[in-house]
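The structure file protein-v2.pdb is reproduced below (PDB, C-alpha atoms).
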```pdb
ATOM      1  CA  MET A   1     121.659 107.395  92.812
ATOM      2  CA  THR A   2     119.209 108.936  90.349
ATOM      3  CA  PRO A   3     115.989 109.844  92.189
ATOM      4  CA  ASP A   4     112.650 109.227  90.527
ATOM      5  CA  PRO A   5     110.481 112.230  91.522
ATOM      6  CA  ARG A   6     107.334 110.118  91.222
ATOM      7  CA  LEU A   7     108.540 107.517  93.731
ATOM      8  CA  ASP A   8     111.347 109.075  95.761
ATOM      9  CA  LEU A   9     111.866 111.773  98.359
ATOM     10  CA  LEU A  10     115.239 113.456  98.631
ATOM     11  CA  LEU A  11     116.790 115.719 101.251
ATOM     12  CA  GLU A  12     120.040 117.312 100.102
ATOM     13  CA  ARG A  13     122.070 119.794 102.065
ATOM     14  CA  VAL A  14     125.646 120.875 102.739
ATOM     15  CA  VAL A  15     126.446 120.733 106.453
ATOM     16  CA  ASP A  16     129.516 122.085 108.226
ATOM     17  CA  VAL A  17     130.605 118.864 109.924
ATOM     18  CA  PRO A  18     132.908 116.336 108.238
ATOM     19  CA  PRO A  19     131.621 113.007 106.815
ATOM     20  CA  GLU A  20     133.354 111.037 109.587
ATOM     21  CA  LEU A  21     131.208 112.717 112.277
ATOM     22  CA  VAL A  22     127.976 112.352 110.286
ATOM     23  CA  TRP A  23     128.852 108.683 109.801
ATOM     24  CA  ALA A  24     129.468 108.179 113.520
ATOM     25  CA  ALA A  25     126.145 109.867 114.326
ATOM     26  CA  TRP A  26     124.300 107.469 111.978
ATOM     27  CA  THR A  27     126.043 104.235 112.946
ATOM     28  CA  GLN A  28     126.470 104.215 116.741
ATOM     29  CA  PRO A  29     123.349 103.673 118.873
ATOM     30  CA  GLU A  30     124.400 106.042 121.655
ATOM     31  CA  HIS A  31     124.705 108.819 119.075
ATOM     32  CA  VAL A  32     121.554 107.928 117.107
ATOM     33  CA  LYS A  33     119.478 108.281 120.277
ATOM     34  CA  ARG A  34     120.613 111.902 120.615
ATOM     35  CA  TRP A  35     119.411 113.305 117.273
ATOM     36  CA  PHE A  36     117.370 110.805 115.228
ATOM     37  CA  THR A  37     113.808 111.887 116.095
ATOM     38  CA  PRO A  38     112.582 115.471 115.736
ATOM     39  CA  ALA A  39     111.844 116.920 119.197
ATOM     40  CA  PRO A  40     109.586 116.730 121.165
ATOM     41  CA  TRP A  41     109.631 113.077 120.061
ATOM     42  CA  THR A  42     112.565 111.070 121.361
ATOM     43  CA  THR A  43     114.473 107.954 120.346
ATOM     44  CA  VAL A  44     114.469 105.754 123.435
ATOM     45  CA  ASP A  45     116.213 102.684 122.026
ATOM     46  CA  CYS A  46     118.469 101.824 119.113
ATOM     47  CA  GLU A  47     120.140  98.619 117.968
ATOM     48  CA  ILE A  48     122.704  98.487 115.176
ATOM     49  CA  ASP A  49     124.516  95.539 113.626
ATOM     50  CA  LEU A  50     126.499  97.342 110.949
ATOM     51  CA  ARG A  51     126.843  94.750 108.185
ATOM     52  CA  PRO A  52     124.743  93.762 105.159
ATOM     53  CA  GLY A  53     121.810  91.795 106.552
ATOM     54  CA  GLY A  54     122.285  93.331 110.021
ATOM     55  CA  ILE A  55     119.590  94.986 112.125
ATOM     56  CA  PHE A  56     118.816  98.700 112.323
ATOM     57  CA  ARG A  57     116.173  99.110 114.991
ATOM     58  CA  THR A  58     114.891 102.265 116.642
ATOM     59  CA  VAL A  59     112.113 102.960 119.090
ATOM     60  CA  MET A  60     110.566 106.414 118.910
ATOM     61  CA  ARG A  61     108.485 107.814 121.748
ATOM     62  CA  SER A  62     105.753 110.394 121.205
ATOM     63  CA  PRO A  63     105.334 113.343 123.603
ATOM     64  CA  GLY A  64     102.347 111.407 125.028
ATOM     65  CA  GLY A  65     104.519 108.386 125.805
ATOM     66  CA  GLN A  66     103.465 106.010 123.027
ATOM     67  CA  GLU A  67     106.323 103.974 121.583
ATOM     68  CA  PHE A  68     106.829 103.152 117.895
ATOM     69  CA  PRO A  69     109.389 100.493 117.085
ATOM     70  CA  HIS A  70     110.926 100.382 113.605
ATOM     71  CA  GLU A  71     113.054  97.540 112.370
ATOM     72  CA  GLY A  72     115.072  97.527 109.180
ATOM     73  CA  CYS A  73     117.869  95.624 107.489
ATOM     74  CA  TYR A  74     121.163  97.107 106.329
ATOM     75  CA  LEU A  75     121.992  96.464 102.674
ATOM     76  CA  GLU A  76     125.209  98.388 101.924
ATOM     77  CA  ILE A  77     127.791  99.952 104.180
ATOM     78  CA  VAL A  78     130.625 102.061 102.760
ATOM     79  CA  GLU A  79     132.345 103.683 105.727
ATOM     80  CA  ASN A  80     131.982 107.463 105.851
ATOM     81  CA  ARG A  81     130.303 107.545 102.415
ATOM     82  CA  LYS A  82     127.171 105.458 101.980
ATOM     83  CA  LEU A  83     124.614 103.703 104.158
ATOM     84  CA  VAL A  84     121.670 101.755 102.707
ATOM     85  CA  TRP A  85     118.891 100.043 104.626
ATOM     86  CA  THR A  86     115.304  98.989 104.011
ATOM     87  CA  VAL A  87     112.197  98.245 106.048
ATOM     88  CA  ALA A  88     110.969  95.940 103.252
ATOM     89  CA  LEU A  89     113.288  93.301 104.725
ATOM     90  CA  ALA A  90     113.717  92.173 108.305
ATOM     91  CA  PRO A  91     117.230  91.508 109.639
ATOM     92  CA  GLY A  92     118.828  88.534 107.874
ATOM     93  CA  TYR A  93     117.104  89.605 104.614
ATOM     94  CA  ARG A  94     113.767  87.918 105.357
ATOM     95  CA  PRO A  95     110.877  89.775 103.647
ATOM     96  CA  ALA A  96     109.240  91.939 106.328
ATOM     97  CA  SER A  97     105.846  90.828 107.540
ATOM     98  CA  GLU A  98     102.997  93.185 106.684
ATOM     99  CA  GLN A  99     101.824  92.488 110.215
ATOM    100  CA  SER A 100     105.034  93.734 111.795
ATOM    101  CA  ASP A 101     104.959  96.728 114.105
ATOM    102  CA  THR A 102     107.153  98.598 111.699
ATOM    103  CA  LEU A 103     104.798  98.282 108.776
ATOM    104  CA  SER A 104     101.526  98.547 110.640
ATOM    105  CA  CYS A 105     102.301 101.770 112.481
ATOM    106  CA  THR A 106     103.717 103.655 109.553
ATOM    107  CA  ALA A 107     102.342 101.837 106.500
ATOM    108  CA  ILE A 108     105.316 103.384 104.773
ATOM    109  CA  ILE A 109     107.690 100.951 103.185
ATOM    110  CA  PHE A 110     110.909 102.451 101.921
ATOM    111  CA  THR A 111     114.582 101.917 101.299
ATOM    112  CA  ALA A 112     116.899 104.702 102.454
ATOM    113  CA  ILE A 113     120.233 105.690 100.972
ATOM    114  CA  ILE A 114     122.325 108.127 102.990
ATOM    115  CA  ALA A 115     125.212 109.445 100.879
ATOM    116  CA  LEU A 116     128.046 111.603 102.245
ATOM    117  CA  GLU A 117     130.600 113.506 100.172
ATOM    118  CA  PRO A 118     133.374 115.668 101.604
ATOM    119  CA  GLN A 119     132.868 119.309 100.649
ATOM    120  CA  GLY A 120     135.540 121.648 102.009
ATOM    121  CA  SER A 121     135.594 120.941 105.749
ATOM    122  CA  GLY A 122     131.956 119.858 105.628
ATOM    123  CA  THR A 123     129.733 117.300 103.969
ATOM    124  CA  LYS A 124     127.356 117.209 101.071
ATOM    125  CA  TYR A 125     124.555 115.205 102.698
ATOM    126  CA  SER A 126     121.921 113.333 100.669
ATOM    127  CA  ALA A 127     119.106 111.278 102.162
ATOM    128  CA  LEU A 128     117.000 109.417  99.623
ATOM    129  CA  ALA A 129     113.821 107.509 100.516
ATOM    130  CA  MET A 130     112.647 105.152  97.753
ATOM    131  CA  HIS A 131     109.038 103.913  97.841
ATOM    132  CA  ARG A 132     107.377 101.094  95.997
ATOM    133  CA  ASP A 133     104.655 103.220  94.461
ATOM    134  CA  GLU A 134     103.441 106.788  94.136
ATOM    135  CA  ALA A 135     100.947 106.367  96.977
ATOM    136  CA  GLY A 136     103.768 105.422  99.355
ATOM    137  CA  ARG A 137     105.820 108.441  98.318
ATOM    138  CA  LYS A 138     102.798 110.738  98.818
ATOM    139  CA  ARG A 139     101.981 109.326 102.264
ATOM    140  CA  HIS A 140     105.559 109.799 103.393
ATOM    141  CA  GLU A 141     105.561 113.344 102.008
ATOM    142  CA  GLU A 142     102.288 114.200 103.767
ATOM    143  CA  MET A 143     103.585 112.763 107.054
ATOM    144  CA  GLY A 144     106.228 115.469 106.822
ATOM    145  CA  PHE A 145     109.291 113.799 105.325
ATOM    146  CA  HIS A 146     111.061 117.012 104.395
ATOM    147  CA  GLU A 147     110.336 118.785 107.680
ATOM    148  CA  GLY A 148     111.046 115.707 109.811
ATOM    149  CA  TRP A 149     114.243 114.549 108.137
ATOM    150  CA  GLY A 150     115.412 118.180 107.875
ATOM    151  CA  LYS A 151     114.845 118.852 111.576
ATOM    152  CA  ALA A 152     116.582 115.585 112.487
ATOM    153  CA  LEU A 153     119.565 116.666 110.377
ATOM    154  CA  ASP A 154     119.653 120.021 112.222
ATOM    155  CA  GLN A 155     119.760 118.025 115.470
ATOM    156  CA  LEU A 156     122.515 115.765 114.100
ATOM    157  CA  VAL A 157     124.647 118.799 113.195
ATOM    158  CA  ALA A 158     124.111 120.495 116.547
ATOM    159  CA  TYR A 159     124.891 117.254 118.394
ATOM    160  CA  THR A 160     128.023 116.332 116.440
ATOM    161  CA  LYS A 161     129.460 119.807 117.031
ATOM    162  CA  GLU A 162     129.390 118.999 120.748
ATOM    163  CA  MET A 163     130.782 115.473 120.373
TER     164      MET A 163
ATOM    165  CA  MET B   1     122.052  80.302 107.868
ATOM    166  CA  THR B   2     119.748  78.784 110.480
ATOM    167  CA  PRO B   3     116.432  77.859 108.846
ATOM    168  CA  ASP B   4     113.183  78.495 110.694
ATOM    169  CA  PRO B   5     110.945  75.503 109.838
ATOM    170  CA  ARG B   6     107.832  77.628 110.300
ATOM    171  CA  LEU B   7     108.888  80.225 107.737
ATOM    172  CA  ASP B   8     111.579  78.650 105.556
ATOM    173  CA  LEU B   9     111.941  75.945 102.925
ATOM    174  CA  LEU B  10     115.300  74.248 102.472
ATOM    175  CA  LEU B  11     116.691  71.975  99.784
ATOM    176  CA  GLU B  12     119.999  70.363 100.753
ATOM    177  CA  ARG B  13     121.919  67.873  98.665
ATOM    178  CA  VAL B  14     125.449  66.795  97.802
ATOM    179  CA  VAL B  15     126.025  66.927  94.029
ATOM    180  CA  ASP B  16     128.996  65.577  92.099
ATOM    181  CA  VAL B  17     129.987  68.775  90.329
ATOM    182  CA  PRO B  18     132.388  71.319  91.880
ATOM    183  CA  PRO B  19     131.175  74.654  93.359
ATOM    184  CA  GLU B  20     132.773  76.588  90.476
ATOM    185  CA  LEU B  21     130.470  74.936  87.930
ATOM    186  CA  VAL B  22     127.371  75.296  90.102
ATOM    187  CA  TRP B  23     128.275  78.973  90.536
ATOM    188  CA  ALA B  24     128.668  79.468  86.784
ATOM    189  CA  ALA B  25     125.305  77.787  86.192
ATOM    190  CA  TRP B  26     123.614  80.184  88.616
ATOM    191  CA  THR B  27     125.309  83.432  87.548
ATOM    192  CA  GLN B  28     125.528  83.457  83.727
ATOM    193  CA  PRO B  29     122.278  84.001  81.782
ATOM    194  CA  GLU B  30     123.166  81.622  78.949
ATOM    195  CA  HIS B  31     123.625  78.850  81.506
ATOM    196  CA  VAL B  32     120.578  79.748  83.652
ATOM    197  CA  LYS B  33     118.319  79.389  80.608
ATOM    198  CA  ARG B  34     119.432  75.774  80.204
ATOM    199  CA  TRP B  35     118.414  74.383  83.603
ATOM    200  CA  PHE B  36     116.488  76.888  85.759
ATOM    201  CA  THR B  37     112.889  75.815  85.097
ATOM    202  CA  PRO B  38     111.676  72.220  85.530
ATOM    203  CA  ALA B  39     110.734  70.755  82.121
ATOM    204  CA  PRO B  40     108.389  70.952  80.275
ATOM    205  CA  TRP B  41     108.490  74.604  81.366
ATOM    206  CA  THR B  42     111.362  76.618  79.900
ATOM    207  CA  THR B  43     113.320  79.730  80.807
ATOM    208  CA  VAL B  44     113.152  81.938  77.725
ATOM    209  CA  ASP B  45     114.970  84.997  79.034
ATOM    210  CA  CYS B  46     117.392  85.854  81.829
ATOM    211  CA  GLU B  47     119.126  89.069  82.874
ATOM    212  CA  ILE B  48     121.840  89.188  85.519
ATOM    213  CA  ASP B  49     123.750  92.129  86.969
ATOM    214  CA  LEU B  50     125.882  90.341  89.522
ATOM    215  CA  ARG B  51     126.395  92.931  92.260
ATOM    216  CA  PRO B  52     124.472  93.909  95.400
ATOM    217  CA  GLY B  53     121.465  95.893  94.162
ATOM    218  CA  GLY B  54     121.730  94.365  90.668
ATOM    219  CA  ILE B  55     118.926  92.715  88.725
ATOM    220  CA  PHE B  56     118.138  88.995  88.581
ATOM    221  CA  ARG B  57     115.324  88.578  86.072
ATOM    222  CA  THR B  58     113.975  85.416  84.486
ATOM    223  CA  VAL B  59     111.045  84.736  82.199
ATOM    224  CA  MET B  60     109.507  81.274  82.467
ATOM    225  CA  ARG B  61     107.254  79.876  79.745
ATOM    226  CA  SER B  62     104.553  77.307  80.436
ATOM    227  CA  PRO B  63     104.019  74.363  78.074
ATOM    228  CA  GLY B  64     100.948  76.284  76.818
ATOM    229  CA  GLY B  65     103.076  79.305  75.908
ATOM    230  CA  GLN B  66     102.184  81.678  78.746
ATOM    231  CA  GLU B  67     105.125  83.731  80.043
ATOM    232  CA  PHE B  68     105.841  84.535  83.683
ATOM    233  CA  PRO B  69     108.445  87.206  84.358
ATOM    234  CA  HIS B  70     110.170  87.304  87.738
ATOM    235  CA  GLU B  71     112.365  90.158  88.861
ATOM    236  CA  GLY B  72     114.575  90.169  91.917
ATOM    237  CA  CYS B  73     117.464  92.078  93.461
ATOM    238  CA  TYR B  74     120.818  90.594  94.434
ATOM    239  CA  LEU B  75     121.859  91.227  98.030
ATOM    240  CA  GLU B  76     125.100  89.311  98.609
ATOM    241  CA  ILE B  77     127.547  87.729  96.198
ATOM    242  CA  VAL B  78     130.444  85.609  97.463
ATOM    243  CA  GLU B  79     131.990  83.981  94.393
ATOM    244  CA  ASN B  80     131.624  80.190  94.305
ATOM    245  CA  ARG B  81     130.145  80.158  97.826
ATOM    246  CA  LYS B  82     127.031  82.240  98.438
ATOM    247  CA  LEU B  83     124.364  83.983  96.408
ATOM    248  CA  VAL B  84     121.530  85.942  98.018
ATOM    249  CA  TRP B  85     118.643  87.667  96.258
ATOM    250  CA  THR B  86     115.096  88.726  97.078
ATOM    251  CA  VAL B  87     111.886  89.475  95.227
ATOM    252  CA  ALA B  88     110.806  91.773  98.083
ATOM    253  CA  LEU B  89     113.056  94.417  96.491
ATOM    254  CA  ALA B  90     113.277  95.530  92.885
ATOM    255  CA  PRO B  91     116.715  96.170  91.356
ATOM    256  CA  GLY B  92     118.404  99.169  93.009
ATOM    257  CA  TYR B  93     116.886  98.112  96.366
ATOM    258  CA  ARG B  94     113.506  99.806  95.819
ATOM    259  CA  PRO B  95     110.722  97.936  97.684
ATOM    260  CA  ALA B  96     108.939  95.786  95.098
ATOM    261  CA  SER B  97     105.487  96.914  94.069
ATOM    262  CA  GLU B  98     102.681  94.560  95.059
ATOM    263  CA  GLN B  99     101.304  95.282  91.593
ATOM    264  CA  SER B 100     104.419  94.037  89.831
ATOM    265  CA  ASP B 101     104.213  91.043  87.505
ATOM    266  CA  THR B 102     106.542  89.157  89.778
ATOM    267  CA  LEU B 103     104.360  89.464  92.827
ATOM    268  CA  SER B 104     100.975  89.196  91.166
ATOM    269  CA  CYS B 105     101.654  85.961  89.311
ATOM    270  CA  THR B 106     103.241  84.090  92.167
ATOM    271  CA  ALA B 107     102.014  85.875  95.293
ATOM    272  CA  ILE B 108     105.082  84.351  96.868
ATOM    273  CA  ILE B 109     107.536  86.772  98.323
ATOM    274  CA  PHE B 110     110.817  85.266  99.404
ATOM    275  CA  THR B 111     114.515  85.790  99.828
ATOM    276  CA  ALA B 112     116.760  83.000  98.533
ATOM    277  CA  ILE B 113     120.170  81.993  99.846
ATOM    278  CA  ILE B 114     122.150  79.556  97.698
ATOM    279  CA  ALA B 115     125.146  78.225  99.651
ATOM    280  CA  LEU B 116     127.889  76.061  98.136
ATOM    281  CA  GLU B 117     130.542  74.148 100.054
ATOM    282  CA  PRO B 118     133.229  71.976  98.468
ATOM    283  CA  GLN B 119     132.794  68.342  99.445
ATOM    284  CA  GLY B 120     135.339  65.997  97.923
ATOM    285  CA  SER B 121     135.208  66.704  94.203
ATOM    286  CA  GLY B 122     131.575  67.785  94.527
ATOM    287  CA  THR B 123     129.457  70.359  96.312
ATOM    288  CA  LYS B 124     127.244  70.475  99.354
ATOM    289  CA  TYR B 125     124.361  72.463  97.887
ATOM    290  CA  SER B 126     121.848  74.348 100.053
ATOM    291  CA  ALA B 127     118.965  76.411  98.722
ATOM    292  CA  LEU B 128     117.008  78.292 101.371
ATOM    293  CA  ALA B 129     113.787  80.198 100.655
ATOM    294  CA  MET B 130     112.763  82.567 103.478
ATOM    295  CA  HIS B 131     109.187  83.830 103.589
ATOM    296  CA  ARG B 132     107.628  86.645 105.513
ATOM    297  CA  ASP B 133     104.996  84.527 107.193
ATOM    298  CA  GLU B 134     103.783  80.957 107.595
ATOM    299  CA  ALA B 135     101.127  81.391 104.889
ATOM    300  CA  GLY B 136     103.810  82.328 102.372
ATOM    301  CA  ARG B 137     105.903  79.298 103.278
ATOM    302  CA  LYS B 138     102.873  77.018 102.950
ATOM    303  CA  ARG B 139     101.854  78.421  99.560
ATOM    304  CA  HIS B 140     105.364  77.923  98.240
ATOM    305  CA  GLU B 141     105.454  74.385  99.615
ATOM    306  CA  GLU B 142     102.077  73.549  98.050
ATOM    307  CA  MET B 143     103.196  74.972  94.699
ATOM    308  CA  GLY B 144     105.835  72.257  94.798
ATOM    309  CA  PHE B 145     108.989  73.914  96.114
ATOM    310  CA  HIS B 146     110.799  70.682  96.947
ATOM    311  CA  GLU B 147     109.898  68.909  93.720
ATOM    312  CA  GLY B 148     110.476  71.958  91.539
ATOM    313  CA  TRP B 149     113.771  73.123  93.025
ATOM    314  CA  GLY B 150     114.934  69.490  93.228
ATOM    315  CA  LYS B 151     114.164  68.820  89.579
ATOM    316  CA  ALA B 152     115.851  72.081  88.553
ATOM    317  CA  LEU B 153     118.941  70.986  90.500
ATOM    318  CA  ASP B 154     118.929  67.644  88.646
ATOM    319  CA  GLN B 155     118.846  69.637  85.398
ATOM    320  CA  LEU B 156     121.687  71.883  86.610
ATOM    321  CA  VAL B 157     123.864  68.873  87.419
ATOM    322  CA  ALA B 158     123.140  67.164  84.082
ATOM    323  CA  TYR B 159     123.818  70.393  82.204
ATOM    324  CA  THR B 160     127.059  71.300  83.972
ATOM    325  CA  LYS B 161     128.455  67.830  83.298
ATOM    326  CA  GLU B 162     128.183  68.626  79.579
ATOM    327  CA  MET B 163     129.603  72.144  79.866
TER     328      MET B 163
END
```
What does the file become when written as structure tokens?
Amino acid sequence: MTPDPRLDLLLERVVDVPPELVWAAWTQPEHVKRWFTPAPWTTVDCEIDLRPGGIFRTVMRSPGGQEFPHEGCYLEIVENRKLVWTVALAPGYRPASEQSDTLSCTAIIFTAIIALEPQGSGTKYSALAMHRDEAGRKRHEEMGFHEGWGKALDQLVAYTKEM
Amino acid sequence: MTPDPRLDLLLERVVDVPPELVWAAWTQPEHVKRWFTPAPWTTVDCEIDLRPGGIFRTVMRSPGGQEFPHEGCYLEIVENRKLVWTVALAPGYRPASEQSDTLSCTAIIFTAIIALEPQGSGTKYSALAMHRDEAGRKRHEEMGFHEGWGKALDQLVAYTKEM
């Protein structure tokens, strides 16, 4: 995992919950729905088939009630350590249609790598978003990648402490 | 592996060489160069990093001497049984750039699943190409998928019998 600053966005932080809880929060739909979308947006649906080629689907709802489905495909799953998925492929590895809801509403195509390393009683958390070109990286950055993924991580930490 | 006739192209055949030889032919560059491209085209270079996220790169040369590089990313590797790669992702899982050589010279984006099953002393061979939409499937079909992949398989069988 060697980020390319021209193409990638990276959120790195040490959080005071262990990797096992961060992993659970990322891989079980009932947990994902509780933290995944920065408030006041909400995650109203989530589907997870945790195997390479399996589906990772979320539906985000705006404060105004509009829903945004996103569908991705898991690529690598290393329990408690590493989770990789992409929206460039649909579940089952089929190349994603440019006409799909996922691509049309965001126009941001990326592969995500979530890496977890134990650090004391907490976790060194890395979230990498890899884009196909510089324009994609810039769009994602301007949409508020750092603020959005950072706020979602705050929510994940607060939620897992109550689990 | 349940093909969708609207989106997928499938070549299925029983060949009289065992899965282990077919696997070797598909996964070692020195072998790939001997059969991969229907004559009179040739495969002049091949790079393989046989792990999920690893590179599968070939360079085809036309009879007139023009070279066509193709770069894909392996997704699943089950020795002697199943090989999955896609050109929708670059090596390392990054979404492939639409400006890449691979995509610009073929305009065909697909994920391939090669499945091998022992049958007697031979192999039930299935090659599935999954496209993102019907237009992609049609373009690939019109370019001669069945003839091309069929002729390459003939070459693979002839070559492995001399290995």
Polymer residues at most 7 Å from Arg137 (chain B), only C-alpha atoms, same-chain spacing of 4 or more positions, as a ChimeraX atom specification: /B:7-9,131,133,141
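Counting all atoms listed in the file and comparing B:Phe68, B:Pro52, B:Ile114, B:Ile108, the residue that lies closest to Arg132 (chain B) is B:Ile108.
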Please write the residues picked by the ChimeraX specification (/A :<6) & /B on this file as a list in words.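 When the ChimeraX specification (/A :<6) & /B is applied, the selected residues are Ala88, Arg94, Pro95, Ala96, Ser97, Thr111, Met130 and Arg132 of chain B.
For the structure shown here, the set of residues caught by the PyMOL selection byres ((chain B and resi 48) around 10) is B:Trp26, B:Thr27, B:Gln28, B:Pro29, B:Val32, B:Cys46, B:Glu47, B:Asp49, B:Leu50, B:Arg51, B:Gly54, B:Ile55, B:Phe56, B:Arg57, B:Thr58, B:Gly72, B:Cys73, B:Tyr74.
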Would you write out, as a list in words, every residue that the PyMOL selection byres ((chain A and resi 40) around 6) captures in this file?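 That expression, the PyMOL selection byres ((chain A and resi 40) around 6), corresponds here to Ala39, Trp41 and Pro63 of chain A.
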Output file for the residues above (C-alpha atoms, as a compact mmCIF listing (two decimals), keeping the file's coordinate frame):
```txt
# COMPACT_ATOMS: atom_id res chain seq x y z
CA ALA A 39 111.84 116.92 119.20
CA TRP A 41 109.63 113.08 120.06
CA PRO A 63 105.33 113.34 123.60
```
Rounded to one decimal, what separation in Å do you get between CA of Glu162 (chain A) and CA of Thr42 (chain A)?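 If I compute the distance from CA of Glu162 (chain A) to CA of Thr42 (chain A), I get 18.6 Å.
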Interatomic distance (Å, one decimal) between CA of His31 (chain B) and CA of Gln119 (chain B):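 These two atoms are separated by 22.7 Å.
Between CA of Gly148 (chain A) and CA of Trp35 (chain A) the separation is 11.5 Å.
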Which neighbours of region 11-22 of chain A fall inside 12 Å, counting all atoms listed in the file, when residues of the same chain fewer than 3 positions from it are skipped, and could you give them as an mmCIF file with C-alpha atoms, keeping the file's coordinate frame?
```
data_model
loop_
_atom_site.group_PDB
_atom_site.id
_atom_site.type_symbol
_atom_site.label_atom_id
_atom_site.label_comp_id
_atom_site.auth_asym_id
_atom_site.auth_seq_id
_atom_site.Cartn_x
_atom_site.Cartn_y
_atom_site.Cartn_z
ATOM 1 C CA PRO A 3 115.989 109.844 92.189
ATOM 2 C CA ASP A 8 111.347 109.075 95.761
ATOM 3 C CA ALA A 25 126.145 109.867 114.326
ATOM 4 C CA TRP A 26 124.300 107.469 111.978
ATOM 5 C CA THR A 27 126.043 104.235 112.946
ATOM 6 C CA GLN A 28 126.470 104.215 116.741
ATOM 7 C CA HIS A 31 124.705 108.819 119.075
ATOM 8 C CA VAL A 32 121.554 107.928 117.107
ATOM 9 C CA TRP A 35 119.411 113.305 117.273
ATOM 10 C CA PHE A 36 117.370 110.805 115.228
ATOM 11 C CA VAL A 78 130.625 102.061 102.760
ATOM 12 C CA GLU A 79 132.345 103.683 105.727
ATOM 13 C CA ASN A 80 131.982 107.463 105.851
ATOM 14 C CA ARG A 81 130.303 107.545 102.415
ATOM 15 C CA LYS A 82 127.171 105.458 101.980
ATOM 16 C CA LEU A 83 124.614 103.703 104.158
ATOM 17 C CA ALA A 112 116.899 104.702 102.454
ATOM 18 C CA ILE A 113 120.233 105.690 100.972
ATOM 19 C CA ILE A 114 122.325 108.127 102.990
ATOM 20 C CA ALA A 115 125.212 109.445 100.879
ATOM 21 C CA LEU A 116 128.046 111.603 102.245
ATOM 22 C CA GLU A 117 130.600 113.506 100.172
ATOM 23 C CA PRO A 118 133.374 115.668 101.604
ATOM 24 C CA GLN A 119 132.868 119.309 100.649
ATOM 25 C CA GLY A 120 135.540 121.648 102.009
ATOM 26 C CA SER A 121 135.594 120.941 105.749
ATOM 27 C CA GLY A 122 131.956 119.858 105.628
ATOM 28 C CA THR A 123 129.733 117.300 103.969
ATOM 29 C CA LYS A 124 127.356 117.209 101.071
ATOM 30 C CA TYR A 125 124.555 115.205 102.698
ATOM 31 C CA SER A 126 121.921 113.333 100.669
ATOM 32 C CA ALA A 127 119.106 111.278 102.162
ATOM 33 C CA LEU A 128 117.000 109.417 99.623
ATOM 34 C CA ALA A 129 113.821 107.509 100.516
ATOM 35 C CA MET A 130 112.647 105.152 97.753
ATOM 36 C CA GLU A 141 105.561 113.344 102.008
ATOM 37 C CA GLY A 144 106.228 115.469 106.822
ATOM 38 C CA PHE A 145 109.291 113.799 105.325
ATOM 39 C CA HIS A 146 111.061 117.012 104.395
ATOM 40 C CA GLU A 147 110.336 118.785 107.680
ATOM 41 C CA GLY A 148 111.046 115.707 109.811
ATOM 42 C CA TRP A 149 114.243 114.549 108.137
ATOM 43 C CA GLY A 150 115.412 118.180 107.875
ATOM 44 C CA LYS A 151 114.845 118.852 111.576
ATOM 45 C CA ALA A 152 116.582 115.585 112.487
ATOM 46 C CA LEU A 153 119.565 116.666 110.377
ATOM 47 C CA ASP A 154 119.653 120.021 112.222
ATOM 48 C CA GLN A 155 119.760 118.025 115.470
ATOM 49 C CA LEU A 156 122.515 115.765 114.100
ATOM 50 C CA VAL A 157 124.647 118.799 113.195
ATOM 51 C CA ALA A 158 124.111 120.495 116.547
ATOM 52 C CA TYR A 159 124.891 117.254 118.394
ATOM 53 C CA THR A 160 128.023 116.332 116.440
ATOM 54 C CA LYS A 161 129.460 119.807 117.031
ATOM 55 C CA GLU A 162 129.390 118.999 120.748
ATOM 56 C CA MET A 163 130.782 115.473 120.373
#
```
Which polymer residues have any atom within 12 Å of an atom of Gln66 (chain B), counting all atoms listed in the file, with same-chain residues fewer than 5 positions away left out, as a PyMOL selection string? chain B and resi 41-44+59-61+105
Missing atoms in region 45-53 of chain B should be modelled up to N, CA and C atoms and reported as a tab-separated table (two decimals), in the frame of the given file.
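File written: out_37.tsv
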```tsv
chain	number	residue	atom	x	y	z
B	45	ASP	N	114.12	83.81	78.95
B	45	ASP	CA	114.97	85.00	79.03
B	45	ASP	C	115.57	85.06	80.43
B	46	CYS	N	116.72	85.70	80.53
B	46	CYS	CA	117.39	85.85	81.83
B	46	CYS	C	118.31	87.07	81.75
B	47	GLU	N	118.25	87.89	82.80
B	47	GLU	CA	119.13	89.07	82.87
B	47	GLU	C	119.78	89.08	84.25
B	48	ILE	N	121.09	89.24	84.26
B	48	ILE	CA	121.84	89.19	85.52
B	48	ILE	C	122.81	90.35	85.59
B	49	ASP	N	122.74	91.10	86.68
B	49	ASP	CA	123.75	92.13	86.97
B	49	ASP	C	124.30	91.76	88.35
B	50	LEU	N	125.41	91.05	88.33
B	50	LEU	CA	125.88	90.34	89.52
B	50	LEU	C	126.62	91.25	90.50
B	51	ARG	N	125.85	92.07	91.20
B	51	ARG	CA	126.40	92.93	92.26
B	51	ARG	C	125.25	93.22	93.21
B	52	PRO	N	125.55	93.56	94.48
B	52	PRO	CA	124.47	93.91	95.40
B	52	PRO	C	123.66	95.06	94.81
B	53	GLY	N	122.35	94.91	94.78
B	53	GLY	CA	121.46	95.89	94.16
B	53	GLY	C	121.18	95.60	92.70
```
